Amino acid sequence: MCETNCDRNECAARALVRGVRIRAIAATDSAWGIGKDGALLARLPGDLRYFREKTLGGILVMGRRTLESLPGGRPLDGRKTIVLTHNADFVAEGAIAAHSLSELAEAIGRLRAEDGGDRPDVFIAGGAVVYEELLPYTDSCLITRMDGNFGADAFFPNLDEDEGFSLTWEDAPIEENGVPYRFTEYSRRGGGEK
Ligand SMILES: NC(=O)c1ccc[n+]([C@@H]2O[C@H](COP(=O)([O-])OP(=O)(O)OC[C@H]3O[C@@H](n4cnc5c(N)ncnc54)[C@H](OP(=O)(O)O)[C@@H]3O)[C@@H](O)[C@H]2O)c1
C-alpha cells in the first residue's frame, strides 16, 4: 500500500521522476490564459526564441492537442518529444507516445538514460490539461507573462494563488507586436517535496 495514498499510476510516476528536475514553460496573459481555439494567444518572436534557447537539447512533454497545434503537427527539432494521449493507435513521427503518467515517467527515464552522463532537462510544454495534471511533479515554471486579457479558452493554473509556488525571478518588461510582456520564474516554495 502506498504511504501517500495516491493511486497506483500516480504513485509509479512520482517514484520515477523523483530526483529529476522538471520545469513547466508557458506564455500566459494577465488572466493566466494560454490559448484560444487550439492556438497560441499572440505571436511573440522574442518568446519563441526564449522557448527554443531554454528547451534545446531537452525533453518536451506535451498533450496530443498541443502537438497537433505545432506547424505541420510535428515535434520541434533539437528536442526529444513525449506526447500524452489515451489513443493506443496514435502515431506521431519523431515523438514517443505515452498513454498514462507511469508510461510518461518510464519514457522520461529511458530518454535520460540514453544520453549517458549528460541527462537532458525535462520541460512540460502544455497545454492546459497537461500543465494542470503535471503541476504536482513540477519544480519550477518559466512563465512569460503578457499584459492584457486575450479572451483565452485554455489556462495555466494561477500560480499567484497557489501556496506551493512563489515568484522567484522577473525580467525587465519588453514589448513586441504591441504586447508588453516579461519573462518570470515561479519556484516550488522552500524547494518543497513535489
Ligand atoms: N501559451 C502556451 O505556452 C501554450 C503552450 C502549449 C499549448 N498551448 C495552448 O493550449 C491549448 C491546448 O491545450 P489543451 O488543454 O486543449 O490540450 P493538451 O493539454 O495539449 O492535450 C490534451 C490531451 O492530452 C492527452 N492527455 C493528457 N493527459 C493524459 C494522460 N494522463 N494520459 C494520456 N493522455 C493524456 C489527451 O489526449 P487524447 O485526447 O488523444 O487522449 C488529452 O486530450 C492550445 O490552445 C494551445 O495553443 C499554449
# chains A, B, ... in the order shown; residues from 1 in each chain; ligands from 1
$ residues_near_ligand --ligand "ligand 1" --cutoff "9 Å" --atoms "only C-alpha atoms and all ligand atoms" --output "PyMOL selection string"
chain A and resi 25-29+33-42+62-70+83-88+90+97-104+124-134+143-144+152-156
$ write_last_selection --atoms "C-alpha atoms" --output "PDB file, in the first residue's frame"
ATOM      1  CA  ILE A  25       7.316  26.534 -19.699  1.00  0.00           C
ATOM      2  CA  ALA A  26       4.387  28.654 -20.884  1.00  0.00           C
ATOM      3  CA  ALA A  27       3.272  32.064 -22.081  1.00  0.00           C
ATOM      4  CA  THR A  28       0.208  33.397 -20.272  1.00  0.00           C
ATOM      5  CA  ASP A  29      -1.891  36.551 -20.380  1.00  0.00           C
ATOM      6  CA  GLY A  33      -4.807  32.270 -20.332  1.00  0.00           C
ATOM      7  CA  ILE A  34      -2.557  30.265 -22.680  1.00  0.00           C
ATOM      8  CA  GLY A  35      -4.584  29.573 -25.803  1.00  0.00           C
ATOM      9  CA  LYS A  36      -7.734  30.082 -27.792  1.00  0.00           C
ATOM     10  CA  ASP A  37      -9.361  27.874 -30.447  1.00  0.00           C
ATOM     11  CA  GLY A  38      -6.409  25.483 -30.275  1.00  0.00           C
ATOM     12  CA  ALA A  39      -3.799  28.164 -30.978  1.00  0.00           C
ATOM     13  CA  LEU A  40      -1.496  30.485 -29.023  1.00  0.00           C
ATOM     14  CA  LEU A  41      -2.807  33.881 -27.896  1.00  0.00           C
ATOM     15  CA  ALA A  42      -0.124  36.020 -29.525  1.00  0.00           C
ATOM     16  CA  MET A  62       3.097  17.785 -24.299  1.00  0.00           C
ATOM     17  CA  GLY A  63      -0.507  16.803 -24.792  1.00  0.00           C
ATOM     18  CA  ARG A  64      -1.783  15.445 -28.101  1.00  0.00           C
ATOM     19  CA  ARG A  65      -3.696  18.669 -28.828  1.00  0.00           C
ATOM     20  CA  THR A  66      -0.592  20.819 -28.350  1.00  0.00           C
ATOM     21  CA  LEU A  67       1.446  18.577 -30.653  1.00  0.00           C
ATOM     22  CA  GLU A  68      -1.266  18.923 -33.276  1.00  0.00           C
ATOM     23  CA  SER A  69      -1.137  22.729 -32.903  1.00  0.00           C
ATOM     24  CA  LEU A  70       2.555  22.848 -33.901  1.00  0.00           C
ATOM     25  CA  VAL A  83       3.253  13.165 -26.345  1.00  0.00           C
ATOM     26  CA  LEU A  84       0.499  12.165 -23.940  1.00  0.00           C
ATOM     27  CA  THR A  85      -2.568  10.543 -25.485  1.00  0.00           C
ATOM     28  CA  HIS A  86      -5.112   7.936 -24.421  1.00  0.00           C
ATOM     29  CA  ASN A  87      -5.265   6.702 -28.012  1.00  0.00           C
ATOM     30  CA  ALA A  88      -3.302   3.443 -28.253  1.00  0.00           C
ATOM     31  CA  PHE A  90      -1.753   7.328 -32.053  1.00  0.00           C
ATOM     32  CA  ALA A  97       3.591   8.370 -27.254  1.00  0.00           C
ATOM     33  CA  ALA A  98       2.818   7.828 -23.549  1.00  0.00           C
ATOM     34  CA  HIS A  99      -0.663   6.687 -22.522  1.00  0.00           C
ATOM     35  CA  SER A 100      -0.535   7.270 -18.758  1.00  0.00           C
ATOM     36  CA  LEU A 101       1.573   9.056 -16.157  1.00  0.00           C
ATOM     37  CA  SER A 102       3.514   5.896 -15.388  1.00  0.00           C
ATOM     38  CA  GLU A 103       4.298   5.403 -19.102  1.00  0.00           C
ATOM     39  CA  LEU A 104       5.374   9.038 -19.211  1.00  0.00           C
ATOM     40  CA  ILE A 124       6.343  20.449 -19.554  1.00  0.00           C
ATOM     41  CA  ALA A 125       5.212  22.275 -22.707  1.00  0.00           C
ATOM     42  CA  GLY A 126       1.410  22.253 -22.363  1.00  0.00           C
ATOM     43  CA  GLY A 127      -1.380  22.584 -22.957  1.00  0.00           C
ATOM     44  CA  ALA A 128      -3.874  23.335 -20.205  1.00  0.00           C
ATOM     45  CA  VAL A 129      -4.749  19.721 -19.373  1.00  0.00           C
ATOM     46  CA  VAL A 130      -1.119  18.663 -19.198  1.00  0.00           C
ATOM     47  CA  TYR A 131       0.113  21.715 -17.244  1.00  0.00           C
ATOM     48  CA  GLU A 132      -2.558  21.141 -14.615  1.00  0.00           C
ATOM     49  CA  GLU A 133      -2.051  17.400 -14.415  1.00  0.00           C
ATOM     50  CA  LEU A 134       1.751  17.626 -14.121  1.00  0.00           C
ATOM     51  CA  ILE A 143       6.226  31.850 -17.357  1.00  0.00           C
ATOM     52  CA  THR A 144       6.193  34.567 -19.985  1.00  0.00           C
ATOM     53  CA  ALA A 152      -8.438  32.604 -23.749  1.00  0.00           C
ATOM     54  CA  ASP A 153     -10.326  29.292 -23.540  1.00  0.00           C
ATOM     55  CA  ALA A 154      -7.326  27.352 -22.157  1.00  0.00           C
ATOM     56  CA  PHE A 155      -5.488  28.291 -18.954  1.00  0.00           C
ATOM     57  CA  PHE A 156      -2.361  27.647 -16.891  1.00  0.00           C
TER      58      PHE A 156
END
$ select_by_dssp --residues "chain A" --states "strand (DSSP E or B)" --output "PyMOL selection string"
chain A and resi 22-28+33-36+39-40+59-63+80-84+95-98+122-124+140-146+154-155+165-170+174-176+179-188
$ select_by_dssp --residues "chain A" --states "alpha helix (DSSP H)" --output "JSON, numbers by chain"
{"A": [8, 9, 10, 11, 12, 13, 14, 15, 16, 17, 45, 46, 47, 48, 49, 50, 51, 52, 53, 54, 55, 64, 65, 66, 67, 68, 69, 101, 102, 103, 104, 105, 106, 107, 108, 109, 110, 111, 112, 113, 114, 128, 129, 130, 131, 132, 133, 134]}
$ residues_around --residues "Ser30 (chain A)" --least-positions-apart "2" --cutoff "8 Å" --atoms "only C-alpha atoms" --output "JSON, numbers by chain"
{"A": [28, 32, 33, 145, 146, 147, 148, 149]}
$ atom_distance --atom1 "CA of Arg49 (chain A)" --atom2 "CA of Gly109 (chain A)"
27.4 Å
$ atom_distance --atom1 "CA of Gly164 (chain A)" --atom2 "CA of Thr184 (chain A)"
16.3 Å
$ decode --residues "region 154-176 of chain A" --atoms "N, CA and C atoms" --output "compact mmCIF listing (two decimals), in the first residue's frame"
# COMPACT_ATOMS: atom_id res chain seq x y z
N ALA A 154 -8.19 28.36 -22.80
CA ALA A 154 -7.33 27.35 -22.16
C ALA A 154 -6.40 28.11 -21.21
N PHE A 155 -6.16 27.54 -20.01
CA PHE A 155 -5.49 28.29 -18.95
C PHE A 155 -4.38 27.48 -18.27
N PHE A 156 -3.37 28.21 -17.79
CA PHE A 156 -2.36 27.65 -16.89
C PHE A 156 -2.92 27.83 -15.48
N PRO A 157 -2.59 26.92 -14.54
CA PRO A 157 -3.06 27.14 -13.16
C PRO A 157 -2.54 28.49 -12.64
N ASN A 158 -3.36 29.22 -11.91
CA ASN A 158 -2.97 30.53 -11.40
C ASN A 158 -1.94 30.36 -10.28
N LEU A 159 -0.68 30.63 -10.60
CA LEU A 159 0.39 30.39 -9.62
C LEU A 159 0.43 31.48 -8.55
N ASP A 160 -0.17 32.65 -8.84
CA ASP A 160 -0.21 33.69 -7.81
C ASP A 160 -1.13 33.28 -6.67
N GLU A 161 -2.04 32.34 -6.96
CA GLU A 161 -2.97 31.87 -5.91
C GLU A 161 -2.61 30.47 -5.42
N ASP A 162 -1.44 29.98 -5.82
CA ASP A 162 -1.03 28.63 -5.43
C ASP A 162 0.02 28.75 -4.32
N GLU A 163 -0.33 28.31 -3.13
CA GLU A 163 0.59 28.47 -2.00
C GLU A 163 1.85 27.65 -2.15
N GLY A 164 1.84 26.69 -3.07
CA GLY A 164 3.01 25.84 -3.28
C GLY A 164 4.11 26.51 -4.10
N PHE A 165 3.78 27.64 -4.75
CA PHE A 165 4.75 28.29 -5.64
C PHE A 165 4.89 29.77 -5.28
N SER A 166 6.09 30.33 -5.55
CA SER A 166 6.24 31.78 -5.39
C SER A 166 7.07 32.33 -6.55
N LEU A 167 6.84 33.60 -6.83
CA LEU A 167 7.56 34.27 -7.91
C LEU A 167 9.00 34.48 -7.45
N THR A 168 9.97 33.89 -8.16
CA THR A 168 11.37 33.97 -7.70
C THR A 168 12.26 34.77 -8.64
N TRP A 169 11.73 35.10 -9.82
CA TRP A 169 12.54 35.89 -10.77
C TRP A 169 11.61 36.58 -11.75
N GLU A 170 11.99 37.80 -12.09
CA GLU A 170 11.16 38.58 -13.02
C GLU A 170 12.10 39.45 -13.83
N ASP A 171 12.06 39.36 -15.14
CA ASP A 171 12.93 40.15 -16.01
C ASP A 171 12.29 41.52 -16.27
N ALA A 172 13.07 42.41 -16.89
CA ALA A 172 12.53 43.73 -17.25
C ALA A 172 11.47 43.56 -18.33
N PRO A 173 10.44 44.43 -18.33
CA PRO A 173 9.40 44.30 -19.37
C PRO A 173 9.92 44.66 -20.76
N ILE A 174 9.40 43.98 -21.76
CA ILE A 174 9.69 44.30 -23.16
C ILE A 174 8.36 44.38 -23.91
N GLU A 175 8.42 44.85 -25.15
CA GLU A 175 7.17 44.93 -25.93
C GLU A 175 7.42 44.47 -27.36
N GLU A 176 6.54 43.64 -27.87
CA GLU A 176 6.63 43.18 -29.26
C GLU A 176 5.23 43.10 -29.82
